[in-house]
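Below: one structure, written as C-alpha coordinates.
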Number of protein chains: 2
Amino acid sequence: MTYCVGIRLNQGLVFMSDTRTNAGVDNISSFRKMYTWCKPGDRLITLLSAGNLATTQTVVGLLEEHTKAAGDRNPDIMEVPSMFQAARLVGETVREVIKTASDNGAQSQAAFSATFILGGQIAGGAMRMFLIYPEGNFIEATDDNPFFQIGEHKYGKPILVRALDPDMSFEMAAKLLYVSFDSTLKSNLSVGLPLDMQFYERDSLTKGYEKRVEATDPYYRSISEGWSDALRSAFNSLPDFKRD
Amino acid sequence: MTYCVGIRLNQGLVFMSDTRTNAGVDNISSFRKMYTWCKPGDRLITLLSAGNLATTQTVVGLLEEHTKAAGDRNPDIMEVPSMFQAARLVGETVREVIKTASDNGAQSQAAFSATFILGGQIAGGAMRMFLIYPEGNFIEATDDNPFFQIGEHKYGKPILVRALDPDMSFEMAAKLLYVSFDSTLKSNLSVGLPLDMQFYERDSLTKGYEKRVEATDPYYRSISEGWSDALRSAFNSLPDFKRD
(Lines give C-alpha, C1' and ligand atoms only; values in the text may rest on other atoms or scores of the structure.)
Protein backbone atom coordinates (compact mmCIF):
# COMPACT_ATOMS: atom_id res chain seq x y z
CA MET A 1 0.00 0.00 0.00
CA THR A 2 0.82 3.64 0.20
CA TYR A 3 -0.34 6.74 1.97
CA CYS A 4 -0.40 10.15 0.27
CA VAL A 5 -2.21 13.36 1.20
CA GLY A 6 -2.72 16.63 -0.63
CA ILE A 7 -4.10 19.65 1.24
CA ARG A 8 -5.46 22.82 -0.34
CA LEU A 9 -4.83 25.73 2.02
CA ASN A 10 -5.74 29.30 1.27
CA GLN A 11 -2.00 30.04 1.16
CA GLY A 12 -1.17 27.17 -1.14
CA LEU A 13 -0.85 23.40 -1.45
CA VAL A 14 0.88 20.90 0.82
CA PHE A 15 1.76 17.40 -0.37
CA MET A 16 3.07 14.44 1.59
CA SER A 17 3.74 10.86 0.51
CA ASP A 18 5.39 7.77 1.94
CA THR A 19 7.87 5.66 -0.06
CA ARG A 20 7.04 2.07 0.80
CA THR A 21 6.08 -0.41 -1.86
CA ASN A 22 5.56 -4.04 -1.18
CA ALA A 23 4.78 -7.31 -2.91
CA GLY A 24 3.89 -9.29 0.19
CA VAL A 25 5.31 -8.38 3.59
CA ASP A 26 8.60 -10.09 2.81
CA ASN A 27 9.40 -8.03 -0.25
CA ILE A 28 9.42 -4.32 0.51
CA SER A 29 11.27 -1.50 -1.21
CA SER A 30 11.45 2.24 -1.18
CA PHE A 31 10.19 4.23 -4.19
CA ARG A 32 9.43 7.89 -4.52
CA LYS A 33 5.71 8.53 -5.10
CA MET A 34 5.89 12.30 -5.55
CA TYR A 35 6.68 13.70 -9.01
CA THR A 36 7.00 17.37 -9.87
CA TRP A 37 7.06 19.19 -13.18
CA CYS A 38 8.14 22.80 -12.90
CA LYS A 39 8.94 25.68 -15.24
CA PRO A 40 9.41 28.67 -12.95
CA GLY A 41 7.04 31.51 -13.76
CA ASP A 42 4.92 29.23 -15.97
CA ARG A 43 3.80 26.16 -14.03
CA LEU A 44 4.25 23.89 -11.04
CA ILE A 45 2.51 20.51 -11.23
CA THR A 46 2.92 17.85 -8.54
CA LEU A 47 1.59 14.30 -8.80
CA LEU A 48 1.21 11.78 -5.95
CA SER A 49 0.58 8.15 -6.83
CA ALA A 50 -0.91 5.10 -5.11
CA GLY A 51 -1.47 1.63 -6.52
CA ASN A 52 0.35 -0.81 -8.74
CA LEU A 53 3.94 0.43 -9.08
CA ALA A 54 4.28 -0.77 -12.69
CA THR A 55 1.17 1.25 -13.55
CA THR A 56 2.19 4.43 -11.71
CA GLN A 57 5.76 4.37 -13.07
CA THR A 58 4.50 3.77 -16.60
CA VAL A 59 2.04 6.64 -16.28
CA VAL A 60 4.84 8.97 -15.16
CA GLY A 61 7.13 7.59 -17.86
CA LEU A 62 4.53 8.31 -20.54
CA LEU A 63 3.85 11.78 -19.13
CA GLU A 64 7.59 12.43 -19.40
CA GLU A 65 7.75 10.90 -22.89
CA HIS A 66 10.31 8.27 -21.98
CA THR A 67 9.30 6.48 -25.16
CA LYS A 68 11.19 9.13 -27.08
CA ALA A 69 14.92 9.83 -27.29
CA ALA A 70 16.08 12.16 -24.53
CA GLY A 71 16.56 15.07 -26.94
CA ASP A 72 13.09 14.79 -28.47
CA ARG A 73 11.09 14.88 -25.25
CA ASN A 74 8.66 17.74 -24.96
CA PRO A 75 6.01 16.37 -22.67
CA ASP A 76 2.42 17.49 -23.02
CA ILE A 77 2.20 18.04 -19.29
CA MET A 78 4.69 20.92 -19.73
CA GLU A 79 2.47 22.35 -22.48
CA VAL A 80 -1.16 21.85 -21.40
CA PRO A 81 -2.84 25.24 -20.96
CA SER A 82 -4.68 24.51 -17.67
CA MET A 83 -4.70 22.30 -14.58
CA PHE A 84 -7.99 20.84 -15.80
CA GLN A 85 -6.27 19.72 -19.01
CA ALA A 86 -3.38 18.33 -16.94
CA ALA A 87 -5.83 16.24 -14.91
CA ARG A 88 -7.48 15.02 -18.11
CA LEU A 89 -4.07 14.07 -19.54
CA VAL A 90 -3.14 12.06 -16.43
CA GLY A 91 -6.59 10.42 -16.39
CA GLU A 92 -6.37 9.39 -20.04
CA THR A 93 -2.85 8.07 -19.53
CA VAL A 94 -3.71 5.92 -16.51
CA ARG A 95 -6.81 4.51 -18.21
CA GLU A 96 -4.72 3.59 -21.24
CA VAL A 97 -1.96 1.96 -19.15
CA ILE A 98 -4.46 -0.14 -17.17
CA LYS A 99 -6.30 -1.13 -20.33
CA THR A 100 -3.07 -2.27 -22.01
CA ALA A 101 -2.02 -4.34 -19.01
CA SER A 102 -5.47 -5.93 -18.71
CA ASP A 103 -5.78 -6.72 -22.44
CA ASN A 104 -2.65 -8.79 -22.23
CA GLY A 105 -4.39 -11.89 -20.91
CA ALA A 106 -4.58 -10.81 -17.26
CA GLN A 107 -7.90 -11.47 -15.61
CA SER A 108 -8.39 -8.65 -13.13
CA GLN A 109 -8.19 -4.95 -13.84
CA ALA A 110 -8.08 -4.31 -10.10
CA ALA A 111 -4.54 -5.66 -9.88
CA PHE A 112 -3.27 -2.91 -12.18
CA SER A 113 -5.22 -0.13 -10.53
CA ALA A 114 -3.75 3.22 -9.51
CA THR A 115 -5.04 6.50 -8.10
CA PHE A 116 -3.45 9.94 -8.20
CA ILE A 117 -3.54 13.33 -6.53
CA LEU A 118 -2.60 16.13 -8.93
CA GLY A 119 -2.10 19.68 -7.73
CA GLY A 120 -0.49 22.89 -8.89
CA GLN A 121 -0.97 26.01 -10.92
CA ILE A 122 -0.38 27.11 -14.51
CA ALA A 123 0.18 30.77 -15.46
CA GLY A 124 -3.15 32.47 -16.16
CA GLY A 125 -5.14 29.92 -14.17
CA ALA A 126 -6.06 29.23 -10.58
CA MET A 127 -4.29 26.89 -8.17
CA ARG A 128 -6.20 23.58 -8.27
CA MET A 129 -5.99 20.08 -6.88
CA PHE A 130 -7.61 16.91 -8.27
CA LEU A 131 -8.12 13.30 -7.26
CA ILE A 132 -7.80 11.11 -10.36
CA TYR A 133 -9.39 7.65 -10.43
CA PRO A 134 -8.11 4.55 -12.28
CA GLU A 135 -11.04 4.97 -14.69
CA GLY A 136 -9.52 8.29 -15.77
CA ASN A 137 -12.20 10.57 -14.33
CA PHE A 138 -11.46 12.98 -11.49
CA ILE A 139 -12.84 15.28 -8.79
CA GLU A 140 -11.55 18.60 -7.50
CA ALA A 141 -10.82 19.72 -3.94
CA THR A 142 -13.25 22.40 -2.75
CA ASP A 143 -13.69 24.55 0.35
CA ASP A 144 -15.97 21.85 1.78
CA ASN A 145 -13.42 19.15 1.17
CA PRO A 146 -9.98 20.77 1.15
CA PHE A 147 -7.91 17.58 1.22
CA PHE A 148 -7.51 14.28 -0.62
CA GLN A 149 -6.00 11.04 0.64
CA ILE A 150 -5.01 8.04 -1.46
CA GLY A 151 -3.83 4.58 -0.37
CA GLU A 152 -4.18 3.48 3.23
CA HIS A 153 -6.28 6.48 4.28
CA LYS A 154 -8.45 5.33 7.18
CA TYR A 155 -6.08 5.47 10.15
CA GLY A 156 -4.94 9.00 9.41
CA LYS A 157 -8.32 10.47 8.52
CA PRO A 158 -9.90 11.28 11.93
CA ILE A 159 -7.27 13.90 12.83
CA LEU A 160 -7.49 15.52 9.38
CA VAL A 161 -11.29 15.70 9.60
CA ARG A 162 -11.12 17.32 13.01
CA ALA A 163 -8.14 19.66 12.88
CA LEU A 164 -7.72 20.81 9.29
CA ASP A 165 -8.56 24.43 8.58
CA PRO A 166 -7.85 26.00 5.17
CA ASP A 167 -6.67 29.17 6.95
CA MET A 168 -3.80 27.25 8.56
CA SER A 169 -0.18 28.13 7.87
CA PHE A 170 2.02 25.74 5.91
CA GLU A 171 3.80 24.88 9.16
CA MET A 172 0.56 23.89 10.93
CA ALA A 173 -0.51 21.79 7.95
CA ALA A 174 2.89 20.09 8.00
CA LYS A 175 2.46 19.28 11.69
CA LEU A 176 -1.00 17.88 10.95
CA LEU A 177 0.41 15.68 8.20
CA TYR A 178 3.15 14.39 10.48
CA VAL A 179 0.48 13.32 12.98
CA SER A 180 -1.74 11.77 10.29
CA PHE A 181 1.19 9.84 8.81
CA ASP A 182 2.42 8.73 12.22
CA SER A 183 -1.03 7.28 13.06
CA THR A 184 -0.95 5.36 9.78
CA LEU A 185 2.64 4.16 10.15
CA LYS A 186 1.92 2.89 13.66
CA SER A 187 -1.02 0.79 12.44
CA ASN A 188 -0.03 -0.46 9.00
CA LEU A 189 3.21 -2.12 7.94
CA SER A 190 2.61 -1.36 4.29
CA VAL A 191 3.20 2.37 4.81
CA GLY A 192 6.80 3.32 5.58
CA LEU A 193 9.39 6.02 6.08
CA PRO A 194 11.02 8.04 4.59
CA LEU A 195 8.32 10.57 3.71
CA ASP A 196 8.41 13.29 1.08
CA MET A 197 6.85 16.68 1.75
CA GLN A 198 6.43 19.67 -0.54
CA PHE A 199 4.83 23.13 -0.21
CA TYR A 200 3.47 25.18 -3.08
CA GLU A 201 2.78 28.86 -2.40
CA ARG A 202 -0.26 30.14 -4.26
CA ASP A 203 0.62 32.22 -7.35
CA SER A 204 4.37 31.57 -6.93
CA LEU A 205 4.44 29.33 -10.05
CA THR A 206 7.58 27.66 -8.78
CA LYS A 207 8.58 24.85 -6.45
CA GLY A 208 8.36 25.72 -2.76
CA TYR A 209 9.93 24.20 0.33
CA GLU A 210 10.76 20.48 0.06
CA LYS A 211 11.82 17.97 2.66
CA ARG A 212 12.53 14.27 2.91
CA VAL A 213 11.63 12.98 6.38
CA GLU A 214 13.88 10.09 7.44
CA ALA A 215 13.28 7.75 10.38
CA THR A 216 15.96 9.63 12.32
CA ASP A 217 14.32 13.03 11.76
CA PRO A 218 14.23 14.64 15.24
CA TYR A 219 10.98 16.53 14.60
CA TYR A 220 9.24 13.41 13.31
CA ARG A 221 10.34 11.55 16.43
CA SER A 222 9.16 14.32 18.73
CA ILE A 223 5.73 14.24 17.03
CA SER A 224 5.55 10.45 17.11
CA GLU A 225 6.38 10.24 20.82
CA GLY A 226 4.53 13.42 21.76
CA TRP A 227 1.33 12.39 20.02
CA SER A 228 0.97 9.21 22.07
CA ASP A 229 1.30 11.23 25.27
CA ALA A 230 -0.94 13.99 23.97
CA LEU A 231 -3.64 11.49 22.97
CA ARG A 232 -3.55 9.88 26.38
CA SER A 233 -3.84 13.29 28.07
CA ALA A 234 -6.69 14.22 25.75
CA PHE A 235 -8.41 10.95 26.63
CA ASN A 236 -7.91 11.55 30.35
CA SER A 237 -9.31 15.07 30.05
CA LEU A 238 -12.71 13.74 28.90
CA PRO A 239 -15.46 13.22 31.47
CA ASP A 240 -15.48 9.71 32.98
CA PHE A 241 -18.18 7.14 32.27
CA LYS A 242 -20.59 6.38 35.12
CA ARG A 243 -22.94 3.39 35.25
CA ASP A 244 -26.56 4.46 35.37
CA MET B 1 -20.44 -2.77 7.60
CA THR B 2 -20.31 -3.00 11.35
CA TYR B 3 -17.99 -2.11 14.17
CA CYS B 4 -17.63 -4.34 17.25
CA VAL B 5 -14.93 -4.45 19.91
CA GLY B 6 -14.21 -6.88 22.72
CA ILE B 7 -11.69 -5.95 25.41
CA ARG B 8 -10.13 -8.34 27.93
CA LEU B 9 -9.35 -6.42 31.11
CA ASN B 10 -7.87 -7.99 34.20
CA GLN B 11 -11.19 -7.27 35.92
CA GLY B 12 -13.31 -8.79 33.18
CA LEU B 13 -14.59 -8.34 29.63
CA VAL B 14 -16.13 -5.31 27.94
CA PHE B 15 -18.12 -5.63 24.71
CA MET B 16 -19.45 -2.94 22.42
CA SER B 17 -21.24 -3.20 19.08
CA ASP B 18 -23.07 -0.91 16.72
CA THR B 19 -26.44 -1.82 15.17
CA ARG B 20 -26.25 -0.60 11.59
CA THR B 21 -26.70 -2.97 8.69
CA ASN B 22 -26.90 -1.84 5.13
CA ALA B 23 -27.42 -3.13 1.66
CA GLY B 24 -26.17 -0.08 -0.16
CA VAL B 25 -26.30 3.35 1.43
CA ASP B 26 -30.00 3.74 0.61
CA ASN B 27 -31.12 0.64 2.49
CA ILE B 28 -30.06 0.77 6.12
CA SER B 29 -31.59 -0.87 9.15
CA SER B 30 -30.88 -1.43 12.79
CA PHE B 31 -30.11 -4.95 14.05
CA ARG B 32 -28.63 -6.06 17.32
CA LYS B 33 -25.20 -7.65 16.83
CA MET B 34 -24.63 -8.66 20.44
CA TYR B 35 -26.04 -12.01 21.65
CA THR B 36 -25.71 -13.39 25.17
CA TRP B 37 -26.30 -16.86 26.63
CA CYS B 38 -26.37 -16.92 30.39
CA LYS B 39 -27.10 -19.43 33.13
CA PRO B 40 -26.16 -17.64 36.35
CA GLY B 41 -23.53 -19.52 38.34
CA ASP B 42 -22.73 -21.74 35.35
CA ARG B 43 -21.87 -19.65 32.31
CA LEU B 44 -21.96 -16.31 30.53
CA ILE B 45 -21.19 -16.33 26.82
CA THR B 46 -21.43 -13.22 24.65
CA LEU B 47 -21.11 -13.19 20.87
CA LEU B 48 -20.52 -10.14 18.64
CA SER B 49 -21.03 -10.52 14.90
CA ALA B 50 -19.88 -8.73 11.75
CA GLY B 51 -20.55 -9.64 8.15
CA ASN B 52 -23.45 -10.89 6.07
CA LEU B 53 -26.60 -10.51 8.18
CA ALA B 54 -28.21 -13.66 6.78
CA THR B 55 -25.12 -15.62 7.79
CA THR B 56 -24.80 -14.15 11.28
CA GLN B 57 -28.50 -14.53 12.05
CA THR B 58 -28.49 -18.11 10.79
CA VAL B 59 -25.44 -18.92 12.92
CA VAL B 60 -27.18 -17.53 16.01
CA GLY B 61 -30.41 -19.31 15.06
CA LEU B 62 -28.57 -22.63 14.76
CA LEU B 63 -26.74 -22.06 18.04
CA GLU B 64 -30.12 -21.46 19.67
CA GLU B 65 -31.62 -24.51 17.89
CA HIS B 66 -34.36 -22.53 16.17
CA THR B 67 -34.76 -25.54 13.89
CA LYS B 68 -36.43 -27.35 16.76
CA ALA B 69 -39.79 -26.71 18.41
CA ALA B 70 -39.51 -24.20 21.22
CA GLY B 71 -39.96 -26.87 23.92
CA ASP B 72 -37.25 -29.15 22.51
CA ARG B 73 -34.47 -26.59 22.40
CA ASN B 74 -31.47 -27.43 24.49
CA PRO B 75 -28.69 -25.64 22.67
CA ASP B 76 -25.20 -27.08 22.73
CA ILE B 77 -23.82 -23.67 23.57
CA MET B 78 -25.57 -23.97 26.95
CA GLU B 79 -23.94 -27.40 27.44
CA VAL B 80 -20.39 -27.18 26.09
CA PRO B 81 -17.88 -27.74 28.93
CA SER B 82 -15.41 -24.95 28.06
CA MET B 83 -15.05 -21.65 26.24
CA PHE B 84 -12.66 -23.37 23.83
CA GLN B 85 -15.44 -25.80 22.90
CA ALA B 86 -17.87 -22.89 22.56
CA ALA B 87 -15.50 -21.20 20.10
CA ARG B 88 -15.18 -24.46 18.17
CA LEU B 89 -18.97 -24.79 18.04
CA VAL B 90 -19.42 -21.27 16.68
CA GLY B 91 -16.58 -21.83 14.20
CA GLU B 92 -18.07 -25.06 12.88
CA THR B 93 -21.50 -23.46 12.64
CA VAL B 94 -20.33 -20.45 10.64
CA ARG B 95 -18.26 -22.59 8.28
CA GLU B 96 -21.28 -24.80 7.66
CA VAL B 97 -23.61 -21.84 7.05
CA ILE B 98 -21.22 -20.22 4.57
CA LYS B 99 -20.66 -23.53 2.80
CA THR B 100 -24.39 -24.13 2.42
CA ALA B 101 -24.99 -20.64 1.01
CA SER B 102 -22.06 -20.96 -1.41
CA ASP B 103 -23.01 -24.44 -2.63
CA ASN B 104 -26.33 -23.10 -3.76
CA GLY B 105 -25.01 -21.75 -7.06
CA ALA B 106 -23.54 -18.53 -5.70
CA GLN B 107 -20.12 -17.67 -7.04
CA SER B 108 -18.33 -15.89 -4.24
CA GLN B 109 -17.89 -17.15 -0.71
CA ALA B 110 -16.78 -13.66 0.30
CA ALA B 111 -20.34 -12.36 -0.01
CA PHE B 112 -21.53 -14.71 2.74
CA SER B 113 -18.62 -14.09 5.03
CA ALA B 114 -18.93 -13.32 8.75
CA THR B 115 -16.56 -12.85 11.67
CA PHE B 116 -17.29 -13.14 15.39
CA ILE B 117 -15.91 -12.15 18.77
CA LEU B 118 -16.83 -14.67 21.47
CA GLY B 119 -16.09 -14.03 25.13
CA GLY B 120 -17.17 -15.25 28.53
CA GLN B 121 -16.58 -17.86 31.17
CA ILE B 122 -17.89 -21.32 32.02
CA ALA B 123 -17.81 -22.71 35.59
CA GLY B 124 -14.52 -24.51 36.22
CA GLY B 125 -12.69 -22.68 33.45
CA ALA B 126 -10.99 -19.35 32.88
CA MET B 127 -12.50 -16.22 31.38
CA ARG B 128 -11.55 -16.21 27.69
CA MET B 129 -12.14 -14.24 24.52
CA PHE B 130 -11.79 -15.43 20.91
CA LEU B 131 -11.87 -13.99 17.43
CA ILE B 132 -13.56 -16.49 15.10
CA TYR B 133 -12.91 -16.36 11.35
CA PRO B 134 -15.36 -17.27 8.55
CA GLU B 135 -13.22 -20.39 7.93
CA GLY B 136 -14.16 -21.59 11.41
CA ASN B 137 -10.73 -21.28 13.00
CA PHE B 138 -10.04 -18.81 15.79
CA ILE B 139 -7.45 -16.97 17.86
CA GLU B 140 -7.50 -15.98 21.53
CA ALA B 141 -6.90 -12.59 23.16
CA THR B 142 -3.66 -12.51 25.16
CA ASP B 143 -1.88 -10.03 27.39
CA ASP B 144 0.02 -8.79 24.35
CA ASN B 145 -3.16 -8.27 22.40
CA PRO B 146 -5.99 -7.70 24.87
CA PHE B 147 -8.64 -6.58 22.38
CA PHE B 148 -10.32 -7.67 19.16
CA GLN B 149 -12.11 -5.54 16.60
CA ILE B 150 -14.34 -6.76 13.79
CA GLY B 151 -15.93 -4.86 10.92
CA GLU B 152 -14.82 -1.33 10.12
CA HIS B 153 -11.86 -1.37 12.50
CA LYS B 154 -9.31 1.05 11.11
CA TYR B 155 -10.62 4.46 12.19
CA GLY B 156 -11.05 3.42 15.81
CA LYS B 157 -7.83 1.49 16.19
CA PRO B 158 -5.20 4.21 16.85
CA ILE B 159 -6.77 5.28 20.17
CA LEU B 160 -7.16 1.66 21.32
CA VAL B 161 -3.54 0.88 20.49
CA ARG B 162 -2.33 3.91 22.40
CA ALA B 163 -4.57 4.12 25.46
CA LEU B 164 -5.73 0.60 26.31
CA ASP B 165 -4.29 -0.90 29.49
CA PRO B 166 -5.59 -4.24 30.85
CA ASP B 167 -5.40 -2.79 34.39
CA MET B 168 -8.06 -0.21 33.49
CA SER B 169 -11.41 -0.10 35.25
CA PHE B 170 -14.59 -1.00 33.38
CA GLU B 171 -15.49 2.69 33.37
CA MET B 172 -12.21 3.73 31.72
CA ALA B 173 -12.57 0.98 29.11
CA ALA B 174 -16.12 2.17 28.42
CA LYS B 175 -14.85 5.71 27.89
CA LEU B 176 -12.18 4.38 25.53
CA LEU B 177 -14.81 2.48 23.54
CA TYR B 178 -17.01 5.57 23.29
CA VAL B 179 -14.05 7.45 21.78
CA SER B 180 -13.14 4.60 19.43
CA PHE B 181 -16.75 4.26 18.23
CA ASP B 182 -17.17 8.00 17.85
CA SER B 183 -14.07 8.17 15.60
CA THR B 184 -15.53 5.40 13.47
CA LEU B 185 -19.05 6.85 13.35
CA LYS B 186 -17.69 10.24 12.28
CA SER B 187 -15.79 8.71 9.34
CA ASN B 188 -17.98 5.86 8.08
CA LEU B 189 -21.68 5.94 7.27
CA SER B 190 -21.98 2.16 7.48
CA VAL B 191 -21.50 2.19 11.27
CA GLY B 192 -24.39 3.68 13.22
CA LEU B 193 -26.04 4.36 16.56
CA PRO B 194 -27.49 3.01 18.79
CA LEU B 195 -24.63 1.07 20.37
CA ASP B 196 -24.84 -1.89 22.73
CA MET B 197 -22.39 -2.22 25.63
CA GLN B 198 -21.96 -5.01 28.15
CA PHE B 199 -19.58 -5.69 31.04
CA TYR B 200 -18.66 -9.13 32.35
CA GLU B 201 -16.95 -9.28 35.76
CA ARG B 202 -14.36 -12.05 35.96
CA ASP B 203 -15.57 -15.12 37.89
CA SER B 204 -19.08 -13.66 38.33
CA LEU B 205 -20.59 -16.22 35.88
CA THR B 206 -23.53 -13.93 35.28
CA LYS B 207 -24.43 -11.00 33.11
CA GLY B 208 -22.98 -7.69 34.24
CA TYR B 209 -23.89 -4.10 33.52
CA GLU B 210 -25.61 -3.49 30.18
CA LYS B 211 -26.44 -0.35 28.32
CA ARG B 212 -27.90 0.73 25.00
CA VAL B 213 -26.37 4.03 23.86
CA GLU B 214 -28.83 6.08 21.82
CA ALA B 215 -27.99 9.14 19.70
CA THR B 216 -29.48 11.33 22.45
CA ASP B 217 -27.32 9.80 25.19
CA PRO B 218 -25.85 12.80 27.06
CA TYR B 219 -22.57 11.04 27.92
CA TYR B 220 -22.07 9.94 24.31
CA ARG B 221 -22.66 13.51 23.16
CA SER B 222 -20.22 14.91 25.71
CA ILE B 223 -17.55 12.46 24.50
CA SER B 224 -18.25 13.14 20.85
CA GLU B 225 -18.02 16.90 21.27
CA GLY B 226 -15.29 16.81 23.91
CA TRP B 227 -13.06 14.53 21.84
CA SER B 228 -12.92 16.95 18.92
CA ASP B 229 -11.83 19.74 21.27
CA ALA B 230 -9.44 17.46 23.16
CA LEU B 231 -7.83 16.28 19.92
CA ARG B 232 -7.36 19.83 18.74
CA SER B 233 -5.76 20.80 22.08
CA ALA B 234 -3.54 17.71 21.91
CA PHE B 235 -2.53 18.71 18.41
CA ASN B 236 -1.79 22.28 19.48
CA SER B 237 0.29 21.03 22.42
CA LEU B 238 2.78 19.36 20.06
CA PRO B 239 5.93 21.26 19.02
CA ASP B 240 5.47 23.30 15.82
CA PHE B 241 7.11 22.43 12.54
CA LYS B 242 9.95 24.70 11.39
CA ARG B 243 11.42 24.78 7.89
CA ASP B 244 15.08 23.84 7.89
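If you're wondering about the labels, chains in the C-alpha coordinates are A, B, ... by order shown, residues count from 1 in each chain, ligands from 1 in order shown.
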
Chain A residues near chain B within 6 Å, closest pair each, using only C-alpha atoms, as CSV:
residue,atom,partner,partner_atom,distance
A:Lys154,CA,B:Tyr155,CA,5.5
A:Tyr155,CA,B:Tyr155,CA,5.1
A:Ala163,CA,B:Arg232,CA,5.9
A:Glu171,CA,B:Phe241,CA,5.3
A:Lys175,CA,B:Phe241,CA,5.7
A:Ala230,CA,B:Ala234,CA,5.0
A:Arg232,CA,B:Ala163,CA,5.9
A:Ala234,CA,B:Ala230,CA,5.0
A:Phe241,CA,B:Glu171,CA,5.3

Checklist line | DSSP alpha helix (DSSP H) selection over segment 149-216 of chain B, as a PyMOL selection string | finding: chain B and resi 157-163+170-187

Next item on the list: Give me the residues within 8 Å of segment 24-40 of chain B as an MDAnalysis selection string, counting only C-alpha atoms and dropping any in the same chain fewer than 3 places off.
Entry: chainID B and resid 16:21 43:50 60 77:78 189:190 196 205:207

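Comparing the minimum interatomic distances between Asn52 of chain A and each of A:Met83, A:Leu195, A:Ala111, A:Leu13, counting only C-alpha atoms, we find that A:Ala111 sits nearest.
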
Next item on the list: Return the single residue from A:Phe15, A:Ala126, A:Thr2, A:Ala141 that is closest to Leu193 of chain A, with distances computed using only C-alpha atoms.
Entry: A:Thr2

Item checked: Residue neighbourhood Thr93 of chain A, 12 Å, only C-alpha atoms, exclusion window fewer than 6 positions, as a PyMOL selection string -> chain A and resi 55-65+76-77+86-87+99-100+114-116+132-137

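For the pair atom CA of Phe130 of chain A and atom CA of Leu118 of chain A, the separation is 5.1 Å.
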
Notebook entry, point to check: atom CA of Phe138 of chain A and atom CA of Gly91 of chain A are how many Å apart?
Noted result: 7.4 Å

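Residues lying within 6 Å of Asn10 of chain A, counting only C-alpha atoms and ignoring same-chain neighbours fewer than 2 positions away, are Gly12, Pro166 and Asp167 of chain A.
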
Note to self: Let's see if you can do this: from backbone DSSP, list all strand (DSSP E or B) residues in segment 137-166 of chain A, as JSON, numbers by chain.
What the structure shows: {"A": [138, 139, 140, 147, 148, 149, 150, 151]}

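Atom CA of Met168 of chain A is positioned 12.9 Å from atom CA of Glu201 of chain A.
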